[in-house]
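Asker: Structure file final16.cif, mmCIF, N, CA and C atoms, is pasted below:
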```cif
data_input
loop_
_atom_site.label_atom_id
_atom_site.label_comp_id
_atom_site.auth_asym_id
_atom_site.auth_seq_id
_atom_site.Cartn_x
_atom_site.Cartn_y
_atom_site.Cartn_z
N MET J 20 -34.34 -18.17 13.83
CA MET J 20 -33.64 -17.65 12.66
C MET J 20 -33.06 -18.80 11.84
N LYS J 21 -32.41 -19.75 12.49
CA LYS J 21 -31.82 -20.86 11.76
C LYS J 21 -32.88 -21.68 11.03
N ARG J 22 -34.02 -21.85 11.63
CA ARG J 22 -35.10 -22.62 11.01
C ARG J 22 -35.55 -21.99 9.70
N VAL J 23 -35.68 -20.67 9.67
CA VAL J 23 -36.07 -19.97 8.45
C VAL J 23 -35.01 -20.16 7.38
N GLN J 24 -33.74 -20.05 7.73
CA GLN J 24 -32.67 -20.24 6.76
C GLN J 24 -32.69 -21.66 6.21
N THR J 25 -32.93 -22.63 7.06
CA THR J 25 -33.01 -24.01 6.61
C THR J 25 -34.16 -24.19 5.63
N TYR J 26 -35.29 -23.57 5.93
CA TYR J 26 -36.45 -23.64 5.05
C TYR J 26 -36.13 -23.09 3.67
N VAL J 27 -35.45 -21.94 3.64
CA VAL J 27 -35.09 -21.33 2.36
C VAL J 27 -34.16 -22.24 1.57
N VAL J 28 -33.16 -22.81 2.23
CA VAL J 28 -32.22 -23.71 1.56
C VAL J 28 -32.96 -24.92 1.01
N LEU J 29 -33.84 -25.52 1.82
CA LEU J 29 -34.60 -26.67 1.35
C LEU J 29 -35.50 -26.28 0.18
N GLY J 30 -36.08 -25.09 0.24
CA GLY J 30 -36.93 -24.62 -0.85
C GLY J 30 -36.15 -24.48 -2.14
N VAL J 31 -34.95 -23.96 -2.07
CA VAL J 31 -34.12 -23.80 -3.27
C VAL J 31 -33.71 -25.17 -3.81
N VAL J 32 -33.34 -26.09 -2.92
CA VAL J 32 -32.98 -27.44 -3.37
C VAL J 32 -34.18 -28.10 -4.04
N LEU J 33 -35.33 -28.00 -3.43
CA LEU J 33 -36.55 -28.58 -3.99
C LEU J 33 -36.86 -27.95 -5.34
N LEU J 34 -36.75 -26.64 -5.42
CA LEU J 34 -37.03 -25.92 -6.65
C LEU J 34 -36.09 -26.38 -7.77
N SER J 35 -34.81 -26.49 -7.47
CA SER J 35 -33.86 -26.86 -8.51
C SER J 35 -34.04 -28.31 -8.95
N ASN J 36 -34.57 -29.17 -8.10
CA ASN J 36 -34.78 -30.56 -8.48
C ASN J 36 -36.04 -30.75 -9.30
N LEU J 37 -37.03 -29.90 -9.12
CA LEU J 37 -38.30 -30.07 -9.81
C LEU J 37 -38.41 -29.28 -11.10
N PHE J 38 -37.60 -28.28 -11.26
CA PHE J 38 -37.71 -27.39 -12.41
C PHE J 38 -36.37 -27.28 -13.14
N VAL J 39 -36.43 -26.94 -14.42
CA VAL J 39 -35.24 -26.77 -15.24
C VAL J 39 -34.72 -25.36 -15.05
N GLY J 40 -33.48 -25.20 -14.63
CA GLY J 40 -32.97 -23.86 -14.39
C GLY J 40 -31.57 -23.67 -14.92
N GLY J 41 -31.07 -22.47 -14.76
CA GLY J 41 -29.70 -22.15 -15.10
C GLY J 41 -29.50 -21.80 -16.55
N GLY J 42 -28.24 -21.69 -16.95
CA GLY J 42 -27.90 -21.28 -18.30
C GLY J 42 -27.80 -22.43 -19.27
N GLN J 43 -28.25 -23.58 -18.90
CA GLN J 43 -28.19 -24.73 -19.80
C GLN J 43 -29.56 -24.95 -20.42
N THR J 44 -29.58 -25.23 -21.70
CA THR J 44 -30.84 -25.47 -22.37
C THR J 44 -31.35 -26.87 -22.03
N ALA J 45 -32.53 -27.18 -22.51
CA ALA J 45 -33.12 -28.49 -22.22
C ALA J 45 -32.26 -29.62 -22.78
N GLU J 46 -31.57 -29.35 -23.87
CA GLU J 46 -30.65 -30.33 -24.43
C GLU J 46 -29.39 -30.34 -23.58
N ARG J 47 -28.99 -31.46 -23.05
CA ARG J 47 -27.94 -31.54 -22.04
C ARG J 47 -26.58 -30.95 -22.44
N ASN J 48 -26.16 -31.06 -23.65
CA ASN J 48 -24.82 -30.63 -24.03
C ASN J 48 -24.79 -29.25 -24.67
N VAL J 49 -25.78 -28.41 -24.38
CA VAL J 49 -25.82 -27.06 -24.93
C VAL J 49 -25.69 -26.06 -23.79
N ILE J 50 -24.78 -25.12 -23.96
CA ILE J 50 -24.52 -24.09 -22.96
C ILE J 50 -24.89 -22.74 -23.56
N SER J 51 -25.52 -21.89 -22.76
CA SER J 51 -25.83 -20.54 -23.21
C SER J 51 -25.11 -19.54 -22.33
N PHE J 52 -24.71 -18.43 -22.93
CA PHE J 52 -24.13 -17.34 -22.16
C PHE J 52 -24.38 -16.03 -22.88
N ILE J 53 -24.25 -14.95 -22.13
CA ILE J 53 -24.50 -13.61 -22.67
C ILE J 53 -23.19 -12.86 -22.69
N SER J 54 -22.95 -12.15 -23.80
CA SER J 54 -21.77 -11.33 -23.96
C SER J 54 -22.21 -9.92 -24.38
N ILE J 55 -21.50 -8.91 -23.90
CA ILE J 55 -21.82 -7.54 -24.28
C ILE J 55 -20.91 -7.13 -25.43
N THR J 56 -21.51 -6.72 -26.55
CA THR J 56 -20.77 -6.30 -27.72
C THR J 56 -21.38 -5.00 -28.24
N GLY J 57 -20.62 -3.92 -28.22
CA GLY J 57 -21.11 -2.65 -28.74
C GLY J 57 -22.35 -2.13 -28.03
N GLY J 58 -22.48 -2.41 -26.74
CA GLY J 58 -23.63 -1.92 -25.98
C GLY J 58 -24.82 -2.86 -25.98
N ASP J 59 -24.87 -3.80 -26.92
CA ASP J 59 -25.95 -4.78 -26.94
C ASP J 59 -25.50 -6.06 -26.25
N ARG J 60 -26.45 -6.76 -25.70
CA ARG J 60 -26.17 -8.06 -25.10
C ARG J 60 -26.54 -9.15 -26.10
N LEU J 61 -25.59 -10.04 -26.37
CA LEU J 61 -25.80 -11.12 -27.33
C LEU J 61 -25.87 -12.43 -26.57
N LEU J 62 -26.81 -13.28 -26.96
CA LEU J 62 -26.96 -14.60 -26.36
C LEU J 62 -26.31 -15.61 -27.31
N TYR J 63 -25.39 -16.40 -26.78
CA TYR J 63 -24.67 -17.41 -27.53
C TYR J 63 -25.13 -18.80 -27.11
N LEU J 64 -25.18 -19.71 -28.06
CA LEU J 64 -25.45 -21.12 -27.78
C LEU J 64 -24.29 -21.93 -28.34
N MET J 65 -23.68 -22.76 -27.51
CA MET J 65 -22.57 -23.60 -27.98
C MET J 65 -22.66 -24.95 -27.30
N ASN J 66 -21.96 -25.91 -27.91
CA ASN J 66 -21.93 -27.23 -27.29
C ASN J 66 -20.77 -27.29 -26.30
N THR J 67 -20.64 -28.40 -25.62
CA THR J 67 -19.60 -28.52 -24.59
C THR J 67 -18.20 -28.62 -25.17
N ARG J 68 -18.07 -28.74 -26.47
CA ARG J 68 -16.76 -28.72 -27.13
C ARG J 68 -16.36 -27.31 -27.55
N GLY J 69 -17.24 -26.31 -27.28
CA GLY J 69 -16.93 -24.93 -27.61
C GLY J 69 -17.33 -24.52 -29.02
N GLU J 70 -18.10 -25.35 -29.72
CA GLU J 70 -18.52 -25.03 -31.08
C GLU J 70 -19.85 -24.28 -31.05
N MET J 71 -19.93 -23.18 -31.80
CA MET J 71 -21.16 -22.40 -31.87
C MET J 71 -22.24 -23.22 -32.57
N LEU J 72 -23.45 -23.19 -32.02
CA LEU J 72 -24.56 -23.95 -32.59
C LEU J 72 -25.44 -23.10 -33.49
N ARG J 73 -25.38 -21.81 -33.32
CA ARG J 73 -26.13 -20.89 -34.18
C ARG J 73 -25.52 -19.51 -34.03
N LYS J 74 -25.88 -18.65 -34.92
CA LYS J 74 -25.40 -17.28 -34.85
C LYS J 74 -25.95 -16.63 -33.57
N PRO J 75 -25.12 -15.88 -32.84
CA PRO J 75 -25.62 -15.24 -31.62
C PRO J 75 -26.76 -14.28 -31.95
N PHE J 76 -27.72 -14.14 -31.04
CA PHE J 76 -28.79 -13.19 -31.32
C PHE J 76 -28.86 -12.13 -30.23
N VAL J 77 -29.29 -10.95 -30.64
CA VAL J 77 -29.33 -9.79 -29.77
C VAL J 77 -30.54 -9.89 -28.84
N ILE J 78 -30.31 -9.73 -27.56
CA ILE J 78 -31.43 -9.68 -26.62
C ILE J 78 -31.69 -8.24 -26.19
N GLY J 79 -30.90 -7.30 -26.72
CA GLY J 79 -31.11 -5.89 -26.45
C GLY J 79 -30.12 -5.34 -25.45
N PRO J 80 -30.28 -4.08 -25.11
CA PRO J 80 -29.36 -3.45 -24.16
C PRO J 80 -29.71 -3.77 -22.71
N ILE J 81 -30.78 -4.53 -22.49
CA ILE J 81 -31.24 -4.78 -21.12
C ILE J 81 -30.30 -5.71 -20.37
N ARG J 82 -30.26 -5.54 -19.07
CA ARG J 82 -29.41 -6.33 -18.20
C ARG J 82 -30.29 -7.34 -17.48
N LEU J 83 -30.36 -8.54 -18.01
CA LEU J 83 -31.24 -9.55 -17.43
C LEU J 83 -30.46 -10.50 -16.53
N TYR J 84 -31.21 -11.14 -15.60
CA TYR J 84 -30.60 -12.03 -14.61
C TYR J 84 -31.41 -13.31 -14.50
N GLY J 85 -30.78 -14.37 -14.00
CA GLY J 85 -31.47 -15.61 -13.68
C GLY J 85 -32.05 -16.31 -14.90
N LEU J 86 -31.35 -16.29 -16.01
CA LEU J 86 -31.84 -16.89 -17.25
C LEU J 86 -32.15 -18.37 -17.06
N SER J 87 -33.34 -18.78 -17.48
CA SER J 87 -33.78 -20.16 -17.36
C SER J 87 -34.49 -20.57 -18.65
N TRP J 88 -34.00 -21.59 -19.31
CA TRP J 88 -34.54 -22.04 -20.59
C TRP J 88 -35.81 -22.86 -20.42
N ALA J 89 -36.76 -22.65 -21.32
CA ALA J 89 -37.93 -23.52 -21.41
C ALA J 89 -37.45 -24.89 -21.87
N PRO J 90 -38.11 -25.96 -21.45
CA PRO J 90 -37.67 -27.30 -21.85
C PRO J 90 -37.60 -27.52 -23.36
N ASP J 91 -38.45 -26.85 -24.14
CA ASP J 91 -38.41 -27.02 -25.59
C ASP J 91 -37.38 -26.12 -26.26
N GLY J 92 -36.71 -25.25 -25.50
CA GLY J 92 -35.66 -24.38 -26.04
C GLY J 92 -36.17 -23.22 -26.87
N ARG J 93 -37.47 -22.99 -26.92
CA ARG J 93 -38.02 -21.91 -27.74
C ARG J 93 -38.09 -20.57 -27.03
N ALA J 94 -37.90 -20.57 -25.72
CA ALA J 94 -37.99 -19.34 -24.94
C ALA J 94 -37.14 -19.48 -23.69
N PHE J 95 -36.86 -18.36 -23.06
CA PHE J 95 -36.23 -18.40 -21.75
C PHE J 95 -36.87 -17.35 -20.86
N ALA J 96 -36.88 -17.64 -19.57
CA ALA J 96 -37.39 -16.71 -18.57
C ALA J 96 -36.20 -16.05 -17.90
N TYR J 97 -36.42 -14.87 -17.38
CA TYR J 97 -35.39 -14.13 -16.67
C TYR J 97 -36.05 -13.11 -15.77
N TYR J 98 -35.27 -12.46 -14.92
CA TYR J 98 -35.81 -11.35 -14.16
C TYR J 98 -35.00 -10.10 -14.45
N LEU J 99 -35.67 -8.97 -14.27
CA LEU J 99 -35.11 -7.69 -14.68
C LEU J 99 -35.60 -6.62 -13.73
N ARG J 100 -34.70 -5.74 -13.34
CA ARG J 100 -35.09 -4.59 -12.51
C ARG J 100 -35.34 -3.41 -13.43
N ARG J 101 -36.56 -2.91 -13.39
CA ARG J 101 -36.96 -1.79 -14.23
C ARG J 101 -37.90 -0.90 -13.43
N ASP J 102 -37.69 0.39 -13.50
CA ASP J 102 -38.54 1.36 -12.79
C ASP J 102 -38.62 1.07 -11.30
N GLY J 103 -37.50 0.65 -10.70
CA GLY J 103 -37.44 0.42 -9.27
C GLY J 103 -38.04 -0.88 -8.79
N ASN J 104 -38.48 -1.74 -9.70
CA ASN J 104 -39.08 -3.02 -9.31
C ASN J 104 -38.46 -4.16 -10.12
N THR J 105 -38.48 -5.35 -9.55
CA THR J 105 -37.93 -6.53 -10.22
C THR J 105 -39.08 -7.47 -10.58
N ASP J 106 -39.18 -7.81 -11.87
CA ASP J 106 -40.25 -8.68 -12.36
C ASP J 106 -39.70 -9.78 -13.25
N ILE J 107 -40.57 -10.77 -13.52
CA ILE J 107 -40.23 -11.91 -14.37
C ILE J 107 -40.68 -11.63 -15.80
N TYR J 108 -39.83 -11.98 -16.75
CA TYR J 108 -40.10 -11.81 -18.18
C TYR J 108 -39.79 -13.11 -18.90
N VAL J 109 -40.32 -13.25 -20.11
CA VAL J 109 -39.99 -14.36 -20.99
C VAL J 109 -39.64 -13.78 -22.35
N MET J 110 -38.59 -14.33 -22.98
CA MET J 110 -38.24 -13.93 -24.34
C MET J 110 -38.45 -15.12 -25.26
N ASP J 111 -39.21 -14.90 -26.32
CA ASP J 111 -39.41 -15.89 -27.37
C ASP J 111 -38.20 -15.82 -28.30
N VAL J 112 -37.46 -16.91 -28.42
CA VAL J 112 -36.23 -16.92 -29.21
C VAL J 112 -36.51 -16.72 -30.70
N GLY J 113 -37.62 -17.25 -31.19
CA GLY J 113 -37.95 -17.13 -32.61
C GLY J 113 -38.29 -15.72 -33.04
N THR J 114 -38.95 -14.96 -32.16
CA THR J 114 -39.39 -13.60 -32.53
C THR J 114 -38.59 -12.50 -31.85
N ASN J 115 -37.74 -12.85 -30.88
CA ASN J 115 -36.99 -11.88 -30.06
C ASN J 115 -37.91 -10.95 -29.28
N GLU J 116 -39.14 -11.37 -29.02
CA GLU J 116 -40.08 -10.55 -28.25
C GLU J 116 -39.98 -10.88 -26.76
N HIS J 117 -40.00 -9.82 -25.95
CA HIS J 117 -39.97 -9.95 -24.50
C HIS J 117 -41.37 -9.71 -23.96
N HIS J 118 -41.81 -10.55 -23.03
CA HIS J 118 -43.14 -10.42 -22.43
C HIS J 118 -43.00 -10.40 -20.91
N GLN J 119 -43.54 -9.36 -20.28
CA GLN J 119 -43.52 -9.28 -18.83
C GLN J 119 -44.61 -10.18 -18.27
N LEU J 120 -44.25 -11.02 -17.29
CA LEU J 120 -45.21 -11.96 -16.70
C LEU J 120 -45.72 -11.54 -15.32
N THR J 121 -44.88 -10.87 -14.52
CA THR J 121 -45.33 -10.45 -13.20
C THR J 121 -45.40 -8.93 -13.15
N PHE J 122 -46.39 -8.44 -12.43
CA PHE J 122 -46.61 -7.00 -12.33
C PHE J 122 -46.81 -6.57 -10.88
N ASP J 123 -46.50 -7.47 -9.95
CA ASP J 123 -46.66 -7.19 -8.53
C ASP J 123 -45.63 -6.13 -8.12
N GLY J 124 -45.92 -5.36 -7.11
CA GLY J 124 -45.01 -4.31 -6.67
C GLY J 124 -43.83 -4.79 -5.85
N SER J 125 -43.67 -6.10 -5.71
CA SER J 125 -42.57 -6.65 -4.92
C SER J 125 -41.52 -7.27 -5.83
N ARG J 126 -40.44 -7.71 -5.21
CA ARG J 126 -39.34 -8.34 -5.98
C ARG J 126 -39.74 -9.76 -6.38
N ASP J 127 -39.76 -10.02 -7.68
CA ASP J 127 -39.99 -11.36 -8.24
C ASP J 127 -38.70 -11.76 -8.96
N THR J 128 -38.08 -12.87 -8.55
CA THR J 128 -36.77 -13.25 -9.08
C THR J 128 -36.67 -14.76 -9.31
N TRP J 129 -35.57 -15.19 -9.90
CA TRP J 129 -35.16 -16.57 -10.09
C TRP J 129 -36.23 -17.49 -10.70
N PRO J 130 -36.68 -17.18 -11.90
CA PRO J 130 -37.66 -18.07 -12.55
C PRO J 130 -37.02 -19.37 -13.01
N VAL J 131 -37.77 -20.46 -12.90
CA VAL J 131 -37.36 -21.76 -13.45
C VAL J 131 -38.59 -22.47 -14.02
N TRP J 132 -38.40 -23.20 -15.09
CA TRP J 132 -39.49 -23.87 -15.81
C TRP J 132 -39.76 -25.25 -15.24
N SER J 133 -41.01 -25.66 -15.29
CA SER J 133 -41.34 -27.05 -14.96
C SER J 133 -40.87 -27.93 -16.12
N PRO J 134 -40.64 -29.21 -15.88
CA PRO J 134 -40.15 -30.09 -16.96
C PRO J 134 -41.08 -30.15 -18.17
N ASN J 135 -42.38 -29.97 -17.97
CA ASN J 135 -43.31 -30.02 -19.12
C ASN J 135 -43.51 -28.65 -19.78
N GLY J 136 -42.89 -27.60 -19.25
CA GLY J 136 -42.96 -26.27 -19.86
C GLY J 136 -44.24 -25.51 -19.59
N LYS J 137 -45.14 -26.06 -18.79
CA LYS J 137 -46.43 -25.40 -18.54
C LYS J 137 -46.36 -24.38 -17.41
N TRP J 138 -45.41 -24.52 -16.50
CA TRP J 138 -45.34 -23.68 -15.31
C TRP J 138 -43.98 -23.02 -15.17
N ILE J 139 -43.98 -21.89 -14.50
CA ILE J 139 -42.73 -21.23 -14.10
C ILE J 139 -42.82 -20.99 -12.60
N ALA J 140 -41.85 -21.50 -11.87
CA ALA J 140 -41.75 -21.22 -10.44
C ALA J 140 -40.79 -20.05 -10.27
N PHE J 141 -40.99 -19.26 -9.22
CA PHE J 141 -40.12 -18.11 -8.99
C PHE J 141 -40.16 -17.73 -7.51
N VAL J 142 -39.19 -16.93 -7.11
CA VAL J 142 -39.11 -16.44 -5.74
C VAL J 142 -39.71 -15.05 -5.72
N SER J 143 -40.57 -14.78 -4.72
CA SER J 143 -41.18 -13.47 -4.60
C SER J 143 -41.25 -13.07 -3.13
N GLU J 144 -41.22 -11.76 -2.91
CA GLU J 144 -41.35 -11.19 -1.57
C GLU J 144 -42.74 -10.56 -1.40
N ARG J 145 -43.71 -10.94 -2.20
CA ARG J 145 -45.02 -10.30 -2.21
C ARG J 145 -45.80 -10.45 -0.91
N ASP J 146 -45.48 -11.44 -0.09
CA ASP J 146 -46.16 -11.60 1.20
C ASP J 146 -45.27 -11.22 2.38
N GLY J 147 -44.20 -10.47 2.11
CA GLY J 147 -43.34 -9.98 3.18
C GLY J 147 -42.09 -10.79 3.43
N SER J 148 -42.02 -12.01 2.91
CA SER J 148 -40.82 -12.83 3.04
C SER J 148 -40.61 -13.55 1.70
N LYS J 149 -39.42 -14.07 1.51
CA LYS J 149 -39.13 -14.79 0.27
C LYS J 149 -39.83 -16.14 0.29
N ASP J 150 -40.71 -16.35 -0.69
CA ASP J 150 -41.42 -17.61 -0.83
C ASP J 150 -41.41 -18.02 -2.29
N ILE J 151 -41.71 -19.29 -2.54
CA ILE J 151 -41.76 -19.81 -3.91
C ILE J 151 -43.20 -19.79 -4.39
N TYR J 152 -43.39 -19.23 -5.59
CA TYR J 152 -44.71 -19.15 -6.21
C TYR J 152 -44.66 -19.88 -7.55
N ARG J 153 -45.83 -20.16 -8.09
CA ARG J 153 -45.93 -20.82 -9.38
C ARG J 153 -46.97 -20.09 -10.21
N MET J 154 -46.66 -19.93 -11.52
CA MET J 154 -47.62 -19.36 -12.45
C MET J 154 -47.52 -20.18 -13.73
N ASP J 155 -48.54 -20.07 -14.59
CA ASP J 155 -48.41 -20.78 -15.86
C ASP J 155 -47.44 -19.99 -16.74
N ALA J 156 -47.00 -20.56 -17.82
CA ALA J 156 -45.96 -19.97 -18.67
C ALA J 156 -46.41 -18.66 -19.31
N ASN J 157 -47.71 -18.33 -19.22
CA ASN J 157 -48.21 -17.06 -19.75
C ASN J 157 -48.37 -16.00 -18.66
N GLY J 158 -48.02 -16.34 -17.42
CA GLY J 158 -48.06 -15.38 -16.33
C GLY J 158 -49.28 -15.43 -15.44
N LYS J 159 -50.20 -16.36 -15.68
CA LYS J 159 -51.39 -16.46 -14.84
C LYS J 159 -51.05 -17.25 -13.58
N MET J 160 -51.47 -16.74 -12.43
CA MET J 160 -51.18 -17.40 -11.14
C MET J 160 -52.15 -18.53 -10.90
#
```
Could I get this structure in the form of structure tokens?
Answerer:
Amino acid sequence: MKRVQTYVVLGVVLLSNLFVGGGQTAERNVISFISITGGDRLLYLMNTRGEMLRKPFVIGPIRLYGLSWAPDGRAFAYYLRRDGNTDIYVMDVGTNEHHQLTFDGSRDTWPVWSPNGKWIAFVSERDGSKDIYRMDANGKM
């Protein structure tokens, strides 16, 4: 049991070192966060001094998790539970369009981008245990 837990911890450490994750954009001094206003969720971008960098934009009424910015800042990946399943999605910031990337019947969570923006790594239970998978940024395995 301890060996499996160690493997998972090492996998997460490895994943976070190789891929860009979290609520920080590719630009180091930019912070993103989501606020609920009037039932909609708004995404804010600000610098570390607390100054807004752009007008907040609506991401919709959906409750997304594990937000991870693409290195170029044009999109972010997230996971969402819908219809009893958890899948990975990407939102294009310029168009506000959401695209579902995974369609497997298992839980797919915690997406993170590769430094070059070509790949997204994520955690999935599709083989019966939590493992790390990789797909291209368009959802192809």
Asker: Report as an MDAnalysis selection string all protein, DNA and RNA residues lying within 7 Å of Ala140 in chain J, evaluated on only C-alpha atoms, omitting residues in the same chain fewer than 5 positions from it.
Answerer: chainID J and resid 130:132 151:154
Asker: Quick one: which residues end up in the PyMOL selection byres ((chain J and resi 113) around 8) for this structure, as a list in words?
Answerer: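 For this structure, the PyMOL selection byres ((chain J and resi 113) around 8) resolves to Gly92, Arg93, Ala94, Met110, Asp111, Val112, Thr114, Asn115 and Glu116 of chain J.
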Asker: Return the single residue from J:Val77, J:Glu144, J:Arg126, J:Ser87 that is closest to Arg100 in chain J, with distances computed using only C-alpha atoms.
Answerer: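 Result for the nearest residue to Arg100 in chain J: J:Arg126.
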Asker: Taking all atoms of range 111-120 of chain J that appear in the file, build a box with edges along x, y and z, extend it by 8 Å on every side, and state its centre and edge lengths in Å to one decimal, as AutoDock Vina command-line options.
Answerer:
```
--center_x -41.0 --center_y -13.3 --center_z -24.2 --size_x 25.5 --size_y 24.0 --size_z 33.7
```
Asker: How many Å separate atom N of Tyr97 in chain J from atom N of Gly69 in chain J?
Answerer: 24.4 Å
Asker: Kindly give the distance, in Å, that separates atom C of Trp88 in chain J and CA of Lys137 in chain J, rounded to a single decimal.
Answerer: 11.1 Å
Asker: Restricting the calculation to all atoms listed in the file: of J:Trp129, J:Asn66, J:Ala96, J:Thr121, which residue gets closest to Val109 in chain J?
Answerer: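 Once distances to Val109 in chain J are computed over all atoms listed in the file, the minimum belongs to J:Ala96.
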Asker: Determine the residue set returned by the PyMOL selection byres (((chain J and resi 99 and name CA) around 9) and name CA) for the present structure, and present it as a list in words.
Answerer: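 Here the PyMOL selection byres (((chain J and resi 99 and name CA) around 9) and name CA) matches Ile81, Arg82, Leu83, Tyr84, Gly85, Tyr97, Tyr98, Arg100, Arg101, Asn104, Thr105, Asp106, Ile107, Tyr108, Asp127 and Thr128 of chain J.
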Asker: How far is it from CA of Ile50 in chain J to atom C of Leu86 in chain J, in Å with one decimal?
Answerer: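 Here the two named atoms are 11.2 Å from each other.
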Asker: Applied to the shown file, which residues does the PyMOL selection byres ((chain J and resi 65) around 6.5) return, written as a PyMOL selection string?
Answerer: chain J and resi 48-52+63-64+66-73
Asker: For the strand (DSSP E or B) assignment from backbone DSSP, which residues of range 33-156 of chain J qualify? Please present them as a PyMOL selection string.
Answerer: chain J and resi 39+43+49-56+59-66+71+76-79+84-88+94-101+104-111+116-119+127-132+138-143+150-155
